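K.L.:
See start_21.tsv below, with TSV, C-alpha atoms and all ligand atoms.
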chain	number	residue	atom	x	y	z
Y	24	MET	CA	-65.82	-69.99	44.79
Y	25	SER	CA	-62.22	-71.10	44.22
Y	26	LYS	CA	-59.63	-69.92	41.75
Y	27	VAL	CA	-58.05	-72.88	39.96
Y	28	LEU	CA	-54.80	-72.57	38.02
Y	29	ILE	CA	-54.20	-75.33	35.48
Y	30	ILE	CA	-50.55	-75.56	34.44
Y	31	ASN	CA	-49.83	-77.54	31.27
Y	32	GLY	CA	-46.30	-78.83	30.80
Y	33	SER	CA	-46.85	-81.27	27.91
Y	34	VAL	CA	-45.12	-80.59	24.60
Y	35	SER	CA	-47.26	-83.08	22.65
Y	36	PRO	CA	-49.55	-81.85	19.87
Y	37	ILE	CA	-52.90	-81.40	21.64
Y	38	ALA	CA	-54.87	-83.67	19.26
Y	39	SER	CA	-52.67	-86.69	20.08
Y	40	SER	CA	-51.88	-85.82	23.70
Y	41	PHE	CA	-52.94	-88.24	26.44
Y	42	SER	CA	-52.32	-85.65	29.14
Y	43	ALA	CA	-54.44	-83.07	27.28
Y	44	GLU	CA	-57.32	-85.54	27.17
Y	45	LEU	CA	-56.78	-86.47	30.84
Y	46	SER	CA	-56.83	-82.84	31.95
Y	47	LYS	CA	-59.85	-82.10	29.73
Y	48	LYS	CA	-61.83	-84.93	31.32
Y	49	PHE	CA	-60.73	-83.99	34.83
Y	50	LEU	CA	-61.74	-80.39	34.25
Y	51	GLU	CA	-65.09	-81.40	32.75
Y	52	GLU	CA	-65.90	-83.44	35.85
Y	53	TYR	CA	-64.60	-80.72	38.15
Y	54	THR	CA	-66.53	-77.85	36.56
Y	55	VAL	CA	-69.80	-79.78	36.65
Y	56	LEU	CA	-69.36	-80.01	40.43
Y	57	ASN	CA	-67.90	-76.50	40.86
Y	58	PRO	CA	-69.58	-74.39	38.15
Y	59	ASN	CA	-68.73	-71.05	39.77
Y	60	ASP	CA	-65.00	-71.61	40.14
Y	61	GLU	CA	-62.66	-69.47	38.09
Y	62	ILE	CA	-60.37	-71.56	35.87
Y	63	ILE	CA	-57.08	-69.96	34.81
Y	64	HIS	CA	-55.07	-71.69	32.07
Y	65	LEU	CA	-51.28	-71.48	32.05
Y	66	ASP	CA	-49.85	-73.34	29.06
Y	67	LEU	CA	-46.09	-73.27	29.61
Y	68	ASN	CA	-45.55	-73.68	25.84
Y	69	GLU	CA	-46.95	-70.18	25.47
Y	70	THR	CA	-44.78	-68.43	28.05
Y	71	GLU	CA	-41.31	-67.01	27.54
Y	72	MET	CA	-40.46	-67.70	31.19
Y	73	ALA	CA	-40.70	-71.50	30.89
Y	74	LYS	CA	-38.21	-71.47	28.01
Y	75	ILE	CA	-35.51	-69.70	30.03
Y	76	VAL	CA	-32.93	-72.12	31.49
Y	77	LEU	CA	-31.02	-70.98	34.56
Y	78	THR	CA	-27.35	-70.56	33.62
Y	79	ARG	CA	-24.30	-68.77	34.99
Y	80	ASP	CA	-24.83	-66.03	32.43
Y	81	ASN	CA	-28.42	-65.16	33.41
Y	82	PHE	CA	-28.24	-65.99	37.13
Y	83	SER	CA	-28.28	-62.38	38.31
Y	84	ASN	CA	-31.43	-61.54	36.34
Y	85	PHE	CA	-33.26	-64.90	36.39
Y	86	PHE	CA	-35.50	-64.18	39.41
Y	87	ASN	CA	-36.91	-60.96	38.02
Y	88	GLU	CA	-40.41	-59.53	38.45
Y	89	LYS	CA	-41.77	-60.59	35.05
Y	90	ASP	CA	-40.47	-64.19	35.02
Y	91	ALA	CA	-40.43	-65.11	38.71
Y	92	LEU	CA	-42.27	-62.74	41.04
Y	93	ASN	CA	-45.39	-62.44	38.86
Y	94	TYR	CA	-45.78	-66.21	38.70
Y	95	ILE	CA	-45.23	-66.50	42.46
Y	96	LYS	CA	-47.89	-63.82	42.96
Y	97	GLN	CA	-50.24	-65.85	40.78
Y	98	LEU	CA	-49.67	-68.91	43.00
Y	99	LYS	CA	-50.47	-66.85	46.10
Y	100	GLU	CA	-53.70	-65.56	44.54
Y	101	VAL	CA	-55.22	-68.93	43.59
Y	102	ASP	CA	-56.63	-71.69	45.79
Y	103	LYS	CA	-55.90	-74.73	43.67
Y	104	VAL	CA	-53.35	-75.87	41.10
Y	105	ILE	CA	-53.75	-78.69	38.58
Y	106	MET	CA	-50.34	-79.63	37.17
Y	107	VAL	CA	-50.35	-81.60	33.91
Y	108	ALA	CA	-47.03	-83.35	33.38
Y	109	PRO	CA	-45.93	-86.13	31.00
Y	110	MET	CA	-42.61	-87.88	31.56
Y	111	TYR	CA	-39.69	-86.92	29.30
Y	112	ASN	CA	-36.45	-88.84	29.79
Y	113	PHE	CA	-37.45	-90.00	33.26
Y	114	ASN	CA	-38.46	-86.55	34.47
Y	115	VAL	CA	-40.86	-83.66	33.94
Y	116	SER	CA	-40.53	-81.53	30.79
Y	117	SER	CA	-37.93	-78.78	30.71
Y	118	LEU	CA	-40.86	-76.34	30.61
Y	119	ILE	CA	-41.98	-77.53	34.05
Y	120	LYS	CA	-38.44	-77.61	35.42
Y	121	ASN	CA	-37.88	-74.03	34.24
Y	122	TYR	CA	-41.21	-72.98	35.77
Y	123	LEU	CA	-40.29	-74.59	39.11
Y	124	ASP	CA	-36.84	-72.98	38.97
Y	125	HIS	CA	-38.56	-69.60	38.67
Y	126	ILE	CA	-41.12	-70.06	41.44
Y	127	LEU	CA	-39.07	-71.95	44.05
Y	128	VAL	CA	-37.54	-68.88	45.62
Y	129	ALA	CA	-36.35	-68.69	49.23
Y	130	ASN	CA	-38.50	-66.45	51.44
Y	131	GLU	CA	-41.15	-66.28	48.69
Y	132	THR	CA	-42.42	-69.84	48.39
Y	133	PHE	CA	-40.37	-71.53	51.12
Y	134	SER	CA	-38.19	-70.43	53.98
Y	135	TYR	CA	-35.43	-71.78	56.16
Y	136	LYS	CA	-35.87	-68.86	58.58
Y	137	TYR	CA	-38.16	-70.42	61.14
Y	138	SER	CA	-37.31	-74.07	60.64
Y	139	LYS	CA	-35.94	-76.01	63.59
Y	140	LYS	CA	-34.04	-78.98	62.20
Y	141	GLY	CA	-32.66	-77.47	59.02
Y	142	ASP	CA	-35.79	-78.38	57.07
Y	143	ALA	CA	-37.62	-75.74	55.07
Y	144	ILE	CA	-41.06	-74.33	55.76
Y	145	GLY	CA	-43.35	-74.08	52.74
Y	146	LEU	CA	-45.10	-70.75	52.25
Y	147	LEU	CA	-47.72	-71.80	49.66
Y	148	THR	CA	-50.03	-73.16	52.34
Y	149	ASN	CA	-53.00	-71.63	50.48
Y	150	LEU	CA	-52.69	-74.24	47.73
Y	151	LYS	CA	-54.34	-77.56	47.12
Y	152	VAL	CA	-52.63	-79.37	44.23
Y	153	GLN	CA	-53.84	-82.08	41.86
Y	154	ILE	CA	-51.06	-83.70	39.82
Y	155	LEU	CA	-52.06	-85.31	36.49
Y	156	THR	CA	-49.15	-87.25	35.00
Y	157	THR	CA	-48.61	-89.53	32.01
Y	158	GLN	CA	-45.73	-91.74	30.95
Y	159	GLY	CA	-44.99	-94.03	28.03
Y	160	ALA	CA	-43.86	-96.95	30.18
Y	161	PRO	CA	-46.08	-98.93	32.54
Y	162	TYR	CA	-45.75	-97.95	36.20
Y	163	GLY	CA	-42.77	-99.59	37.91
Y	164	TRP	CA	-40.38	-100.00	34.95
Y	165	TYR	CA	-37.90	-97.52	36.45
Y	166	MET	CA	-38.82	-96.21	39.85
Y	167	TRP	CA	-35.70	-94.04	39.95
Y	168	GLY	CA	-37.37	-91.87	37.31
Y	169	ASN	CA	-40.60	-91.18	39.17
Y	170	HIS	CA	-41.72	-87.73	38.00
Y	171	THR	CA	-45.07	-88.05	39.78
Y	172	GLU	CA	-43.41	-88.39	43.20
Y	173	TYR	CA	-40.91	-85.66	42.31
Y	174	LEU	CA	-43.81	-83.27	41.72
Y	175	ARG	CA	-45.69	-84.39	44.83
Y	176	GLY	CA	-42.58	-83.82	46.97
Y	177	THR	CA	-41.81	-80.48	45.36
Y	178	TRP	CA	-45.28	-79.01	45.91
Y	179	GLU	CA	-45.35	-80.35	49.46
Y	180	PHE	CA	-41.95	-78.77	50.07
Y	181	ALA	CA	-43.52	-75.45	49.06
Y	182	GLY	CA	-46.27	-75.94	51.65
Y	183	ALA	CA	-49.12	-77.08	49.41
Y	184	THR	CA	-51.56	-79.86	50.22
Y	185	VAL	CA	-51.18	-82.43	47.46
Y	186	VAL	CA	-54.11	-84.76	46.84
Y	187	GLU	CA	-53.52	-88.24	45.39
Y	188	PRO	CA	-52.04	-87.82	41.88
Y	189	ILE	CA	-53.53	-89.49	38.82
Y	190	LEU	CA	-50.84	-91.27	36.78
Y	191	LEU	CA	-51.83	-92.56	33.35
Y	192	ALA	CA	-48.96	-94.96	32.64
Y	193	GLY	CA	-48.18	-97.10	29.60
Y	194	THR	CA	-49.26	-94.74	26.84
Y	195	LYS	CA	-46.49	-96.12	24.59
Y	196	THR	CA	-47.12	-99.82	25.23
Y	197	ALA	CA	-49.94	-102.23	24.38
Y	198	PRO	CA	-52.87	-101.93	24.64
Y	199	PHE	CA	-52.86	-98.12	25.06
Y	200	ASN	CA	-50.52	-97.47	22.10
Y	201	GLN	CA	-53.19	-98.92	19.79
Y	202	MET	CA	-55.98	-96.79	21.25
Y	203	THR	CA	-56.93	-93.11	20.94
Y	204	PRO	CA	-56.32	-90.77	23.91
Y	205	VAL	CA	-60.12	-90.51	24.33
Y	206	ASP	CA	-60.49	-94.30	24.65
Y	207	VAL	CA	-57.44	-94.64	26.93
Y	208	VAL	CA	-58.63	-91.91	29.30
Y	209	ALA	CA	-62.08	-93.54	29.33
Y	210	THR	CA	-60.51	-96.61	30.97
Y	211	ILE	CA	-59.83	-94.56	34.11
Y	212	SER	CA	-63.01	-92.45	34.08
Y	213	ASP	CA	-64.11	-93.69	37.52
Y	214	GLN	CA	-60.77	-92.67	39.03
Y	215	ILE	CA	-61.04	-89.23	37.37
Y	216	LYS	CA	-64.60	-88.72	38.64
Y	217	LYS	CA	-63.60	-89.68	42.18
Y	218	ALA	CA	-60.57	-87.40	42.14
Y	219	ALA	CA	-62.52	-84.46	40.71
Y	220	LYS	CA	-65.11	-84.85	43.48
Y	221	ALA	CA	-62.43	-84.96	46.17
Y	222	PHE	CA	-60.63	-81.90	44.75
T	301	LIG	C1	-38.82	-86.77	24.05
T	301	LIG	C2	-39.64	-87.80	24.79
T	301	LIG	C3	-39.09	-88.46	25.88
T	301	LIG	C4	-39.84	-89.41	26.58
T	301	LIG	N1	-39.29	-90.03	27.65
T	301	LIG	C5	-40.00	-90.96	28.32
T	301	LIG	C6	-39.45	-91.63	29.46
T	301	LIG	O1	-38.34	-91.38	29.88
T	301	LIG	N2	-40.22	-92.55	30.08
T	301	LIG	C7	-41.48	-92.86	29.67
T	301	LIG	O2	-42.11	-93.70	30.28
T	301	LIG	N3	-42.04	-92.22	28.62
T	301	LIG	C8	-41.33	-91.29	27.94
T	301	LIG	N4	-41.88	-90.65	26.87
T	301	LIG	C9	-43.28	-90.95	26.50
T	301	LIG	C10	-44.24	-89.90	27.05
T	301	LIG	O3	-44.16	-89.78	28.44
T	301	LIG	C11	-45.68	-90.25	26.68
T	301	LIG	O4	-45.78	-90.48	25.29
T	301	LIG	C12	-46.66	-89.19	27.09
T	301	LIG	O5	-47.95	-89.74	27.02
T	301	LIG	C13	-46.51	-87.94	26.20
T	301	LIG	O6	-47.24	-86.82	26.64
T	301	LIG	P1	-48.83	-86.67	26.46
T	301	LIG	O7	-49.43	-87.46	27.58
T	301	LIG	O8	-49.12	-85.21	26.56
T	301	LIG	O9	-49.24	-87.28	25.14
T	301	LIG	C14	-41.17	-89.70	26.17
T	301	LIG	C15	-41.71	-89.01	25.06
T	301	LIG	C16	-40.97	-88.07	24.39
T	301	LIG	C17	-41.59	-87.35	23.21
Rewrite the structure from the file as structure tokens, please.
P.N.:
Amino acid sequence: MSKVLIINGSVSPIASSFSAELSKKFLEEYTVLNPNDEIIHLDLNETEMAKIVLTRDNFSNFFNEKDALNYIKQLKEVDKVIMVAPMYNFNVSSLIKNYLDHILVANETFSYKYSKKGDAIGLLTNLKVQILTTQGAPYGWYMWGNHTEYLRGTWEFAGATVVEPILLAGTKTAPFNQMTPVDVVATISDQIKKAAKAF
């Protein structure tokens, strides 16, 4: 039995959210195959931590037990993470950035102590990560704003094994912008099934 933490970083209303539908379908497929796994939901919209931006004024208290260490502990206690992340202005949401700012802590989730060539060693080697991303533009319109690869690299930096992400691209262009999230996600149902099986 695995513990699976699903982290939602979309700010869209759930009823019209493509990423909510994508994560719902992924989870449905996953739980059919892994009925005894424990699923833990972390909606960053509902946490105070993910709304706190690191600034000069709060720097000394930012990495406190409640906002940083508890969430790091949670990552060390689970086996898998599903990160749900739409693109906002060529990047992840501020909620996700604030979450990552809280959990990427030297000697907690990564370390430079034992590295040989100045590279870091990730300490979250317990984690397998599935990234589920969406974006309004079709894939390839601006590769310099690739939030999917940013997340893959970040979790790998922290030592996690990242499986192939699912990117649902083009939610704001035709034909997807004339379809419901349910119908759009249905177009990649085979990919979702395959990924859920491999996860
Ligand atoms: C404030 C805002 C900024 C956005 N910026 C981008 C962007 O830079 N590139 C892009 O492709 N889509 C962008 N989008 C579109 C969203 O990525 C897309 O609508 C996504 O599907 C929304 O999240 P959801 O999947 O939870 O519905 C933006 C949407 C919003 C609301």
K.L.:
Considering all atoms listed in the file, tabulate each residue of stretch 77-162 of chain Y that lies at most 9 Å from stretch 171-185 of chain Y along with its nearest interatomic pair and the corresponding distance in Å to one decimal; arrange the rows by chain and ascending residue number and present them as JSON lines.
P.N.:
{"residue": "Y:Met106", "atom": "CA", "partner": "Y:Leu174", "partner_atom": "CA", "distance": 8.8}
{"residue": "Y:Ala108", "atom": "CA", "partner": "Y:Thr171", "partner_atom": "CA", "distance": 8.2}
{"residue": "Y:Met110", "atom": "CA", "partner": "Y:Thr171", "partner_atom": "CA", "distance": 8.6}
{"residue": "Y:Asn114", "atom": "CA", "partner": "Y:Tyr173", "partner_atom": "CA", "distance": 8.3}
{"residue": "Y:Val115", "atom": "CA", "partner": "Y:Leu174", "partner_atom": "CA", "distance": 8.3}
{"residue": "Y:Leu123", "atom": "CA", "partner": "Y:Thr177", "partner_atom": "CA", "distance": 8.7}
{"residue": "Y:Leu127", "atom": "CA", "partner": "Y:Ala181", "partner_atom": "CA", "distance": 7.6}
{"residue": "Y:Thr132", "atom": "CA", "partner": "Y:Ala181", "partner_atom": "CA", "distance": 5.8}
{"residue": "Y:Phe133", "atom": "CA", "partner": "Y:Ala181", "partner_atom": "CA", "distance": 5.4}
{"residue": "Y:Ser134", "atom": "CA", "partner": "Y:Ala181", "partner_atom": "CA", "distance": 8.8}
{"residue": "Y:Ala143", "atom": "CA", "partner": "Y:Phe180", "partner_atom": "CA", "distance": 7.3}
{"residue": "Y:Ile144", "atom": "CA", "partner": "Y:Gly182", "partner_atom": "CA", "distance": 6.8}
{"residue": "Y:Gly145", "atom": "CA", "partner": "Y:Gly182", "partner_atom": "CA", "distance": 3.6}
{"residue": "Y:Leu146", "atom": "CA", "partner": "Y:Gly182", "partner_atom": "CA", "distance": 5.4}
{"residue": "Y:Leu147", "atom": "CA", "partner": "Y:Gly182", "partner_atom": "CA", "distance": 4.8}
{"residue": "Y:Thr148", "atom": "CA", "partner": "Y:Gly182", "partner_atom": "CA", "distance": 4.7}
{"residue": "Y:Asn149", "atom": "CA", "partner": "Y:Ala183", "partner_atom": "CA", "distance": 6.8}
{"residue": "Y:Leu150", "atom": "CA", "partner": "Y:Ala183", "partner_atom": "CA", "distance": 4.9}
{"residue": "Y:Lys151", "atom": "CA", "partner": "Y:Thr184", "partner_atom": "CA", "distance": 4.8}
{"residue": "Y:Val152", "atom": "CA", "partner": "Y:Val185", "partner_atom": "CA", "distance": 4.7}
{"residue": "Y:Gln153", "atom": "CA", "partner": "Y:Val185", "partner_atom": "CA", "distance": 6.2}
{"residue": "Y:Ile154", "atom": "CA", "partner": "Y:Arg175", "partner_atom": "CA", "distance": 7.4}
{"residue": "Y:Leu155", "atom": "CA", "partner": "Y:Thr171", "partner_atom": "CA", "distance": 8.2}
{"residue": "Y:Thr156", "atom": "CA", "partner": "Y:Thr171", "partner_atom": "CA", "distance": 6.3}
{"residue": "Y:Thr157", "atom": "CA", "partner": "Y:Thr171", "partner_atom": "CA", "distance": 8.7}
K.L.:
Please write out the residues within 6 Å of ligand LIG 301 (chain T) as a PyMOL selection string, counting all atoms listed in the file.
P.N.:
chain Y and resi 33+35+40-43+109-113+157-160+194-195
K.L.:
Here is a test: counting only C-alpha atoms, which residue of Y:Leu118, Y:Ile95, Y:Leu56, Y:Leu45 is nearest to Y:Leu191?
P.N.:
Y:Leu45
K.L.:
Between atom CA of Y:Met72 and atom CA of Y:Asp124, what is the distance, to one decimal in Å?
P.N.:
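Computing it gives 10.1 Å between the two atoms.
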K.L.:
Might you pull out every residue within 9 Å of Y:Thr54, with only C-alpha atoms counted and same-chain residues fewer than 6 positions away left off, and present them as a PyMOL selection string?
P.N.:
chain Y and resi 60+62+219
K.L.:
Can you work out the spacing between atom CA of Y:Ile105 and atom CA of Y:Ile63 in Å, to one decimal?
P.N.:
10.1 Å
K.L.:
May I have the residues within 10 Å of Y:Asp90 as a short mmCIF file (atom, residue, chain, number, x, y, z; two decimals) with C-alpha atoms, keeping the file's coordinate frame, using only C-alpha atoms and disregarding those fewer than 2 positions away in the same chain?
P.N.:
data_model
loop_
_atom_site.label_atom_id
_atom_site.label_comp_id
_atom_site.auth_asym_id
_atom_site.auth_seq_id
_atom_site.Cartn_x
_atom_site.Cartn_y
_atom_site.Cartn_z
CA THR Y 70 -44.78 -68.43 28.05
CA GLU Y 71 -41.31 -67.01 27.54
CA MET Y 72 -40.46 -67.70 31.19
CA ALA Y 73 -40.70 -71.50 30.89
CA ILE Y 75 -35.51 -69.70 30.03
CA ASN Y 84 -31.43 -61.54 36.34
CA PHE Y 85 -33.26 -64.90 36.39
CA PHE Y 86 -35.50 -64.18 39.41
CA ASN Y 87 -36.91 -60.96 38.02
CA GLU Y 88 -40.41 -59.53 38.45
CA LEU Y 92 -42.27 -62.74 41.04
CA ASN Y 93 -45.39 -62.44 38.86
CA TYR Y 94 -45.78 -66.21 38.70
CA ILE Y 95 -45.23 -66.50 42.46
CA TYR Y 122 -41.21 -72.98 35.77
CA HIS Y 125 -38.56 -69.60 38.67
CA ILE Y 126 -41.12 -70.06 41.44
#
K.L.:
Quick one, how far is atom CA of Y:Pro198 from atom CA of Y:Met166?
P.N.:
21.5 Å
K.L.:
If we count all atoms listed in the file and set the cut-off at 12 Å, which residues sit around Y:Ile37, ignoring sequence neighbours fewer than 6 positions away in its own chain? Please answer as a PyMOL selection string.
P.N.:
chain Y and resi 31+43-47+66+68+204-205
K.L.:
Listed atoms of stretch 68-71 of chain Y, axis-aligned box, 3 Å per side: centre and edge lengths to one decimal in Å, as JSON?
P.N.:
{"center_x": -44.1, "center_y": -70.3, "center_z": 26.8, "size_x": 11.6, "size_y": 12.7, "size_z": 8.6}
K.L.:
Return the single residue from Y:Tyr135, Y:Leu50, Y:Gln97, Y:Ile119 that is closest to Y:His170, with distances computed using all atoms listed in the file.
P.N.:
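Selected residue with least distance to Y:His170: Y:Ile119.
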